[in-house]
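Everything below belongs to coords01.tsv, which stores TSV, C-alpha atoms and all ligand atoms.
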chain	number	residue	atom	x	y	z
A	1	MET	CA	-14.37	-40.39	15.05
A	2	THR	CA	-16.99	-38.93	17.42
A	3	ILE	CA	-19.95	-36.84	16.18
A	4	ARG	CA	-18.23	-33.80	17.70
A	5	ASP	CA	-15.01	-34.54	15.75
A	6	SER	CA	-17.02	-34.98	12.52
A	7	ALA	CA	-18.88	-31.71	13.09
A	8	LYS	CA	-15.57	-29.93	13.71
A	9	ALA	CA	-13.98	-31.48	10.61
A	10	PHE	CA	-17.00	-30.36	8.56
A	11	LEU	CA	-16.75	-26.84	9.95
A	12	HIS	CA	-13.03	-26.66	9.14
A	13	SER	CA	-13.68	-27.92	5.62
A	14	LEU	CA	-15.85	-24.86	4.90
A	15	PRO	CA	-14.30	-21.66	3.51
A	16	PRO	CA	-13.52	-19.24	6.39
A	17	SER	CA	-16.29	-16.85	5.30
A	18	LEU	CA	-18.90	-19.60	5.88
A	19	GLN	CA	-17.58	-20.85	9.23
A	20	GLY	CA	-19.05	-18.02	11.35
A	21	PRO	CA	-22.54	-18.30	9.79
A	22	ALA	CA	-22.35	-22.12	10.10
A	23	ARG	CA	-21.63	-21.81	13.84
A	24	TRP	CA	-24.54	-19.42	14.26
A	25	ALA	CA	-26.82	-21.78	12.34
A	26	GLY	CA	-25.76	-24.71	14.55
A	27	ASP	CA	-26.55	-22.73	17.71
A	28	TRP	CA	-29.82	-21.50	16.26
A	29	LEU	CA	-30.93	-25.11	15.75
A	30	ARG	CA	-29.67	-26.33	19.13
A	31	TYR	CA	-30.92	-23.61	21.49
A	32	PRO	CA	-34.42	-22.09	21.59
A	33	PRO	CA	-34.69	-18.35	20.84
A	34	GLY	CA	-34.64	-16.23	24.01
A	35	SER	CA	-33.21	-19.06	26.15
A	36	SER	CA	-30.49	-18.19	28.62
A	37	GLU	CA	-28.13	-20.53	26.75
A	38	ARG	CA	-28.72	-18.69	23.49
A	39	ARG	CA	-28.12	-15.33	25.23
A	40	LYS	CA	-24.91	-16.63	26.79
A	41	ILE	CA	-23.57	-17.92	23.47
A	42	ASP	CA	-24.46	-14.62	21.84
A	43	TRP	CA	-22.48	-12.74	24.51
A	44	VAL	CA	-19.54	-15.12	24.13
A	45	ARG	CA	-19.48	-14.53	20.36
A	46	ARG	CA	-19.96	-10.77	20.48
A	47	VAL	CA	-17.94	-9.78	23.54
A	48	TYR	CA	-15.90	-12.43	25.30
A	49	THR	CA	-14.20	-14.20	22.37
A	50	PRO	CA	-13.25	-10.98	20.52
A	51	TYR	CA	-11.79	-9.59	23.77
A	52	GLY	CA	-9.58	-12.67	24.27
A	53	ARG	CA	-8.54	-12.43	20.64
A	54	GLN	CA	-7.67	-8.77	21.01
A	55	GLN	CA	-5.47	-9.53	24.04
A	56	ARG	CA	-3.47	-12.10	22.12
A	57	VAL	CA	-3.17	-9.89	19.04
A	58	SER	CA	-1.87	-7.09	21.23
A	59	ILE	CA	0.81	-9.39	22.71
A	60	MET	CA	1.88	-10.42	19.18
A	61	LEU	CA	2.10	-6.77	18.09
A	62	ASP	CA	4.09	-5.85	21.21
A	63	ILE	CA	6.52	-8.62	20.29
A	64	ALA	CA	6.68	-7.43	16.66
A	65	ARG	CA	7.58	-3.93	17.86
A	66	PHE	CA	10.13	-5.30	20.29
A	67	ALA	CA	11.77	-7.43	17.60
A	68	THR	CA	11.78	-4.57	15.11
A	69	ILE	CA	13.30	-2.04	17.50
A	70	ASN	CA	15.88	-4.50	18.89
A	71	ARG	CA	16.71	-5.87	15.47
A	72	PRO	CA	17.82	-8.22	14.28
A	73	ILE	CA	16.06	-10.96	16.24
A	74	GLU	CA	15.90	-13.91	13.92
A	75	GLY	CA	14.87	-17.51	14.27
A	76	TYR	CA	11.82	-19.59	15.05
A	77	TYR	CA	8.33	-18.86	16.22
A	78	PHE	CA	7.82	-21.97	18.36
A	79	GLU	CA	4.26	-22.67	19.46
A	80	PHE	CA	3.50	-25.42	21.97
A	81	GLY	CA	-0.23	-26.12	21.80
A	82	SER	CA	-1.61	-25.20	18.39
A	83	HIS	CA	-5.15	-26.62	18.33
A	84	GLU	CA	-7.24	-24.59	15.82
A	85	ALA	CA	-4.37	-22.32	14.74
A	86	ASN	CA	-5.95	-19.26	16.33
A	87	THR	CA	-2.65	-18.03	17.77
A	88	MET	CA	-0.64	-19.41	14.83
A	89	ARG	CA	-2.67	-17.25	12.44
A	90	MET	CA	-2.17	-14.18	14.65
A	91	ALA	CA	1.55	-14.93	14.84
A	92	TRP	CA	1.76	-15.25	11.07
A	93	ASP	CA	-0.04	-11.93	10.58
A	94	ALA	CA	2.20	-10.15	13.09
A	95	PHE	CA	5.56	-11.72	12.24
A	96	HIS	CA	5.78	-13.20	8.76
A	97	HIS	CA	7.42	-10.12	7.29
A	98	LEU	CA	10.11	-10.08	10.02
A	99	TYR	CA	13.47	-11.53	9.00
A	100	GLY	CA	12.04	-14.75	7.52
A	101	TRP	CA	11.03	-16.36	10.82
A	102	HIS	CA	10.06	-20.04	10.57
A	103	PHE	CA	6.87	-21.17	12.31
A	104	VAL	CA	6.74	-24.47	14.21
A	105	ALA	CA	3.61	-26.01	15.75
A	106	PHE	CA	4.21	-28.67	18.41
A	107	ASP	CA	1.01	-30.51	19.28
A	108	SER	CA	-0.27	-34.02	19.87
A	109	PHE	CA	-3.04	-33.19	17.37
A	110	GLU	CA	-4.93	-35.64	19.63
A	111	GLY	CA	-5.92	-33.07	22.23
A	112	LEU	CA	-4.84	-33.01	25.87
A	113	PRO	CA	-2.98	-35.98	27.38
A	114	ASP	CA	-4.07	-37.88	30.50
A	115	ILE	CA	-4.69	-35.35	33.24
A	116	SER	CA	-2.46	-35.93	36.28
A	117	ALA	CA	-3.63	-35.14	39.80
A	118	ILE	CA	-1.70	-31.85	39.86
A	119	ASP	CA	-3.47	-30.62	36.69
A	120	ARG	CA	-7.00	-31.55	37.65
A	121	GLN	CA	-9.48	-28.77	36.96
A	122	ALA	CA	-12.98	-28.89	35.48
A	123	ILE	CA	-12.01	-27.45	32.09
A	124	TRP	CA	-9.31	-30.01	31.26
A	125	GLY	CA	-9.95	-33.58	30.11
A	126	LYS	CA	-8.05	-36.16	28.11
A	127	GLY	CA	-8.65	-35.63	24.37
A	128	ARG	CA	-10.19	-32.18	24.78
A	129	LEU	CA	-9.04	-29.38	22.46
A	130	LYS	CA	-8.27	-31.80	19.66
A	131	THR	CA	-7.70	-30.58	16.12
A	132	ALA	CA	-6.34	-33.13	13.66
A	133	GLU	CA	-3.02	-32.21	12.02
A	134	GLU	CA	-4.64	-32.16	8.57
A	135	SER	CA	-7.36	-29.73	9.73
A	136	PHE	CA	-4.71	-27.55	11.37
A	137	LEU	CA	-2.74	-27.42	8.12
A	138	THR	CA	-5.88	-26.66	6.10
A	139	ILE	CA	-6.74	-23.74	8.40
A	140	CYS	CA	-3.16	-22.42	8.08
A	141	HIS	CA	-3.16	-22.85	4.31
A	142	ARG	CA	-6.48	-21.02	3.92
A	143	HIS	CA	-5.07	-18.19	5.99
A	144	GLY	CA	-2.17	-17.83	3.57
A	145	ILE	CA	0.58	-19.27	5.80
A	146	ALA	CA	3.36	-20.35	3.43
A	147	ARG	CA	3.80	-24.12	3.63
A	148	ASP	CA	7.59	-23.87	3.37
A	149	ARG	CA	7.67	-21.63	6.45
A	150	LEU	CA	5.56	-23.92	8.63
A	151	THR	CA	6.57	-27.17	10.32
A	152	THR	CA	4.39	-29.38	12.49
A	153	VAL	CA	5.74	-31.74	15.14
A	154	LYS	CA	3.02	-34.25	15.94
A	155	GLY	CA	2.90	-36.18	19.20
A	156	PHE	CA	2.87	-35.85	22.97
A	157	TYR	CA	5.82	-33.84	24.25
A	158	ASP	CA	7.15	-36.59	26.50
A	159	ASP	CA	7.72	-38.61	23.31
A	160	THR	CA	8.58	-35.98	20.71
A	161	LEU	CA	10.80	-33.42	22.43
A	162	THR	CA	13.93	-35.55	22.19
A	163	PRO	CA	17.59	-34.55	21.85
A	164	GLU	CA	17.43	-35.74	18.21
A	165	LEU	CA	14.51	-33.40	17.47
A	166	LYS	CA	16.40	-30.59	19.17
A	167	ARG	CA	19.45	-31.21	17.00
A	168	SER	CA	17.28	-31.20	13.86
A	169	PHE	CA	16.22	-27.59	14.64
A	170	GLN	CA	19.66	-26.34	15.66
A	171	PRO	CA	21.71	-24.19	15.34
A	172	LYS	CA	18.99	-21.59	14.70
A	173	LYS	CA	17.53	-19.97	17.87
A	174	ALA	CA	13.99	-19.00	18.83
A	175	ALA	CA	12.68	-15.47	18.44
A	176	VAL	CA	9.42	-16.34	20.23
A	177	VAL	CA	8.27	-19.30	22.30
A	178	TYR	CA	4.50	-19.34	22.73
A	179	VAL	CA	3.47	-21.82	25.43
A	180	ASP	CA	-0.22	-22.67	25.19
A	181	CYS	CA	-0.38	-26.26	26.40
A	182	ASP	CA	-2.32	-25.45	29.58
A	183	LEU	CA	-0.89	-28.06	31.96
A	184	TYR	CA	2.05	-28.25	34.37
A	185	LYS	CA	2.94	-31.73	33.11
A	186	SER	CA	3.03	-30.50	29.51
A	187	THR	CA	5.01	-27.32	30.23
A	188	VAL	CA	7.91	-29.06	32.03
A	189	PRO	CA	9.25	-30.89	28.92
A	190	VAL	CA	8.62	-27.78	26.80
A	191	LEU	CA	10.86	-25.58	28.97
A	192	ASP	CA	13.52	-28.24	29.07
A	193	PHE	CA	13.43	-28.37	25.25
A	194	ILE	CA	13.54	-24.65	24.55
A	195	LYS	CA	16.45	-23.88	26.87
A	196	ASP	CA	19.03	-24.39	24.10
A	197	PHE	CA	17.08	-22.14	21.71
A	198	LEU	CA	17.22	-19.03	23.87
A	199	GLN	CA	19.08	-15.98	22.59
A	200	PRO	CA	19.16	-12.40	23.88
A	201	GLY	CA	15.69	-11.06	23.14
A	202	THR	CA	13.80	-14.36	22.89
A	203	ILE	CA	10.29	-13.73	24.19
A	204	ILE	CA	8.52	-16.50	26.10
A	205	VAL	CA	4.75	-16.16	26.39
A	206	PHE	CA	2.64	-18.23	28.78
A	207	ASP	CA	-0.92	-18.21	27.52
A	208	ASP	CA	-2.39	-19.93	30.59
A	209	TRP	CA	-0.48	-18.11	33.33
A	210	ASN	CA	-3.58	-17.49	35.40
A	211	CYS	CA	-5.26	-20.84	34.96
A	212	PHE	CA	-5.63	-22.71	38.25
A	213	TYR	CA	-6.78	-19.43	39.82
A	214	GLY	CA	-3.29	-17.99	39.35
A	215	ASP	CA	-1.87	-20.46	41.89
A	216	PRO	CA	1.96	-20.41	41.61
A	217	GLU	CA	2.11	-24.02	42.77
A	218	ARG	CA	0.28	-25.25	39.69
A	219	GLY	CA	0.18	-25.08	35.90
A	220	GLU	CA	2.62	-23.08	33.78
A	221	ARG	CA	3.61	-20.94	36.78
A	222	ARG	CA	4.90	-23.94	38.69
A	223	ALA	CA	6.83	-25.27	35.69
A	224	TRP	CA	8.40	-21.82	35.15
A	225	ALA	CA	9.43	-21.46	38.82
A	226	GLU	CA	11.09	-24.90	38.72
A	227	PHE	CA	12.83	-24.04	35.45
A	228	LEU	CA	14.23	-20.81	36.93
A	229	SER	CA	15.54	-22.50	40.05
A	230	ALA	CA	17.14	-25.29	37.98
A	231	ASN	CA	18.81	-22.71	35.68
A	232	PRO	CA	19.95	-19.83	37.91
A	233	GLU	CA	22.40	-18.63	35.25
A	234	LEU	CA	19.55	-17.62	32.93
A	235	ARG	CA	18.33	-14.03	33.14
A	236	PHE	CA	14.78	-12.87	32.33
A	237	GLU	CA	12.79	-9.69	32.64
A	238	PRO	CA	9.00	-9.45	32.64
A	239	PHE	CA	7.50	-8.33	29.31
A	240	VAL	CA	3.79	-7.67	28.69
A	241	SER	CA	0.92	-9.33	30.53
A	242	THR	CA	-2.87	-9.50	30.40
A	243	GLY	CA	-5.48	-10.95	32.73
A	244	MET	CA	-4.55	-14.46	31.52
A	245	GLN	CA	-1.15	-14.27	29.83
A	246	MET	CA	2.35	-13.45	31.05
A	247	SER	CA	5.55	-13.06	29.06
A	248	PHE	CA	9.28	-12.68	29.66
A	249	ILE	CA	12.33	-11.46	27.75
A	250	HIS	CA	15.39	-13.65	27.86
A	251	LEU	CA	18.42	-11.45	28.46
A	252	GLY	CA	21.96	-11.98	27.28
A	253	PRO	CA	24.95	-12.30	29.63
A	254	SER	CA	25.21	-9.52	32.19
A	255	ILE	CA	27.65	-6.68	31.55
A	256	GLU	CA	29.96	-8.09	34.22
A	257	GLU	CA	29.96	-11.55	32.63
A	258	GLU	CA	30.80	-9.96	29.30
A	259	GLY	CA	33.61	-7.99	30.87
A	260	ALA	CA	32.17	-4.83	29.36
A	261	GLY	CA	31.77	-2.91	32.62
A	262	ALA	CA	32.97	0.67	32.69
B	1	LIG	C1	-5.54	-24.42	24.48
B	1	LIG	S1	-5.10	-25.48	23.16
B	1	LIG	C2	-4.08	-24.44	22.18
B	1	LIG	C3	-4.84	-23.32	21.47
B	1	LIG	C4	-4.13	-22.77	20.27
B	1	LIG	N1	-2.93	-22.03	20.63
B	1	LIG	C5	-5.05	-21.90	19.45
B	1	LIG	O1	-4.93	-20.68	19.57
B	1	LIG	O2	-5.88	-22.42	18.69
B	1	LIG	C6	-3.96	-26.58	23.95
B	1	LIG	C7	-3.27	-27.53	22.97
B	1	LIG	O3	-2.17	-28.11	23.66
B	1	LIG	C8	-1.99	-29.43	23.19
B	1	LIG	N2	-1.26	-30.16	24.24
B	1	LIG	C9	-1.39	-30.04	25.59
B	1	LIG	N3	-0.55	-30.85	26.24
B	1	LIG	C10	0.18	-31.50	25.27
B	1	LIG	C11	1.24	-32.46	25.32
B	1	LIG	N4	1.71	-32.94	26.49
B	1	LIG	N5	1.75	-32.90	24.16
B	1	LIG	C12	1.30	-32.41	22.97
B	1	LIG	N6	0.29	-31.50	22.87
B	1	LIG	C13	-0.27	-31.05	24.01
B	1	LIG	C14	-3.41	-29.93	22.94
B	1	LIG	O4	-3.43	-30.94	21.96
B	1	LIG	C15	-4.14	-28.65	22.47
B	1	LIG	O5	-4.18	-28.59	21.06
Please express the file's structure as structure tokens.
Ligand SMILES: C[S@@+](CC[C@H](N)C(=O)[O-])C[C@H]1O[C@@H](n2cnc3c(N)ncnc32)[C@H](O)[C@@H]1O
Amino acid sequence: MTIRDSAKAFLHSLPPSLQGPARWAGDWLRYPPGSSERRKIDWVRRVYTPYGRQQRVSIMLDIARFATINRPIEGYYFEFGSHEANTMRMAWDAFHHLYGWHFVAFDSFEGLPDISAIDRQAIWGKGRLKTAEESFLTICHRHGIARDRLTTVKGFYDDTLTPELKRSFQPKKAAVVYVDCDLYKSTVPVLDFIKDFLQPGTIIVFDDWNCFYGDPERGERRAWAEFLSANPELRFEPFVSTGMQMSFIHLGPSIEEEGAGA
């Protein structure tokens, strides 16, 4: 375990009310008062991080409204890339009262995999964004997420997202698929896996839509474009978006396919 991992584990072992002050104390010791680094961190804590949080919360609430108005949409909240359970906690707050959804976190719990040439960008690196499974579960437990409504699937997607795993989750469908695994190489197996869980009204959110400068030839955008061209029978409509995220509604069969035309 690196010093960074130990510091993180210590932070996660504290009650939530002490974690914020502990972070502040750590920064206070590391960076001199008045330094540009201290000012930057202060801005990140006061402005930038809460804004990103607010964007994600608003997506979750838009989905909750959508699912309530178009009821009943039942099934799983699938999250690919769970890290420190930031989005999982938001999802629980927004959705746990809706139709008994079950929450599933798919993550290596070892951080990012090897970074392939197509996914190279300064912010990504093998092992970054690691939260151990036990720490993830502790964070969820402290937040009040019911253990019997939460499943974790540990491992890299190329190994874990097998037909057997798929069968173990069927026949239930997905109400929401939250894709937050950053990389093109990680998103390809995710989309392949979730295809059989789509139902009319499933919402797919891409948390990193505008990573790689919004380049459609890279990242989640590229994986999505390939998925659409490989599955032309599937129908989607854009749902809500922010500066970083994009989401889509999976539609049911068209009226013509259903033979319900006037
Ligand atoms: C940006 S973090 C997710 C943040 C999380 N949603 C949160 O709000 O705390 C990306 C996560 O994706 C996971 N990940 C990326 N590629 C993966 C892969 N191929 N297999 C398994 N996990 C992967 C990493 O372990 C990391 O935890």
Kindly compile the residues surrounding ligand LIG 1 (chain B) within 6 Å, counting all atoms listed in the file, and format them as a PDB file with C-alpha atoms, in the coordinates of the input.
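Listing of out_34.pdb after writing:
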ATOM      1  CA  GLY A  81      -0.230 -26.120  21.800  1.00  0.00           C
ATOM      2  CA  SER A  82      -1.610 -25.200  18.390  1.00  0.00           C
ATOM      3  CA  HIS A  83      -5.150 -26.620  18.330  1.00  0.00           C
ATOM      4  CA  GLU A  84      -7.240 -24.590  15.820  1.00  0.00           C
ATOM      5  CA  ALA A  85      -4.370 -22.320  14.740  1.00  0.00           C
ATOM      6  CA  ASN A  86      -5.950 -19.260  16.330  1.00  0.00           C
ATOM      7  CA  THR A  87      -2.650 -18.030  17.770  1.00  0.00           C
ATOM      8  CA  ASP A 107       1.010 -30.510  19.280  1.00  0.00           C
ATOM      9  CA  SER A 108      -0.270 -34.020  19.870  1.00  0.00           C
ATOM     10  CA  PHE A 109      -3.040 -33.190  17.370  1.00  0.00           C
ATOM     11  CA  GLU A 110      -4.930 -35.640  19.630  1.00  0.00           C
ATOM     12  CA  GLY A 111      -5.920 -33.070  22.230  1.00  0.00           C
ATOM     13  CA  LEU A 112      -4.840 -33.010  25.870  1.00  0.00           C
ATOM     14  CA  PRO A 113      -2.980 -35.980  27.380  1.00  0.00           C
ATOM     15  CA  LEU A 129      -9.040 -29.380  22.460  1.00  0.00           C
ATOM     16  CA  LYS A 130      -8.270 -31.800  19.660  1.00  0.00           C
ATOM     17  CA  GLY A 155       2.900 -36.180  19.200  1.00  0.00           C
ATOM     18  CA  PHE A 156       2.870 -35.850  22.970  1.00  0.00           C
ATOM     19  CA  TYR A 157       5.820 -33.840  24.250  1.00  0.00           C
ATOM     20  CA  ASP A 180      -0.220 -22.670  25.190  1.00  0.00           C
ATOM     21  CA  CYS A 181      -0.380 -26.260  26.400  1.00  0.00           C
ATOM     22  CA  ASP A 182      -2.320 -25.450  29.580  1.00  0.00           C
ATOM     23  CA  SER A 186       3.030 -30.500  29.510  1.00  0.00           C
TER      24      SER A 186
END
Find, counting all atoms listed in the file, the residue in A:Tyr31, A:Trp124, A:Tyr184, A:Phe80 that gets nearest to A:Asp215. A:Tyr184
So, counting all atoms listed in the file, which residue among A:Phe197, A:Trp101, A:Phe206, A:Phe169 is closest to A:Arg56?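 Smallest distance to A:Arg56 is found for A:Phe206.
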A:His102 proximity check over A:Thr151, A:Met88, A:Gln54, A:Thr131, using only C-alpha atoms: winner is A:Thr151
Using only C-alpha atoms, which of A:Arg4, A:His96, A:Gly259, A:Ala230 sits nearest A:Gly127?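 Closest to A:Gly127, using only C-alpha atoms: A:Arg4.
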Between A:Pro238, A:Gly243, A:Pro232, A:Pro189, which residue has the minimum interatomic distance to A:Phe106, considering all atoms listed in the file? A:Pro189
What does the distance between atom CA of A:Pro32 and atom CA of A:Pro50 come to in Å, to one decimal place?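 It comes out at 23.9 Å.
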Around (8.9, -28.6, 16.0) in the file's own coordinates, what residues are found within 6 Å if you use all atoms listed in the file, given back as a PyMOL selection string? chain A and resi 104-106+152-153
Starting from the sparse input, extend stretch 134-146 of chain A to N, CA and C atoms and give the output as a compact mmCIF listing (two decimals), keeping the file's coordinate frame.
# COMPACT_ATOMS: atom_id res chain seq x y z
N GLU A 134 -4.20 -32.55 9.93
CA GLU A 134 -4.64 -32.16 8.57
C GLU A 134 -5.55 -30.92 8.62
N SER A 135 -6.47 -30.90 9.60
CA SER A 135 -7.36 -29.73 9.73
C SER A 135 -6.55 -28.49 10.08
N PHE A 136 -5.57 -28.68 10.98
CA PHE A 136 -4.71 -27.55 11.37
C PHE A 136 -4.01 -26.98 10.13
N LEU A 137 -3.47 -27.88 9.31
CA LEU A 137 -2.74 -27.42 8.12
C LEU A 137 -3.68 -26.75 7.12
N THR A 138 -4.90 -27.27 7.02
CA THR A 138 -5.88 -26.66 6.10
C THR A 138 -6.21 -25.24 6.55
N ILE A 139 -6.42 -25.08 7.87
CA ILE A 139 -6.74 -23.74 8.40
C ILE A 139 -5.57 -22.79 8.08
N CYS A 140 -4.35 -23.27 8.32
CA CYS A 140 -3.16 -22.42 8.08
C CYS A 140 -3.05 -22.07 6.60
N HIS A 141 -3.27 -23.07 5.76
CA HIS A 141 -3.16 -22.85 4.31
C HIS A 141 -4.18 -21.82 3.85
N ARG A 142 -5.42 -21.97 4.32
CA ARG A 142 -6.48 -21.02 3.92
C ARG A 142 -6.16 -19.61 4.37
N HIS A 143 -5.41 -19.52 5.47
CA HIS A 143 -5.07 -18.19 5.99
C HIS A 143 -3.91 -17.56 5.22
N GLY A 144 -3.27 -18.37 4.37
CA GLY A 144 -2.17 -17.83 3.57
C GLY A 144 -0.80 -18.08 4.19
N ILE A 145 -0.73 -18.96 5.20
CA ILE A 145 0.58 -19.27 5.80
C ILE A 145 1.37 -20.13 4.81
N ALA A 146 2.57 -19.65 4.46
CA ALA A 146 3.36 -20.35 3.43
C ALA A 146 3.78 -21.72 3.96
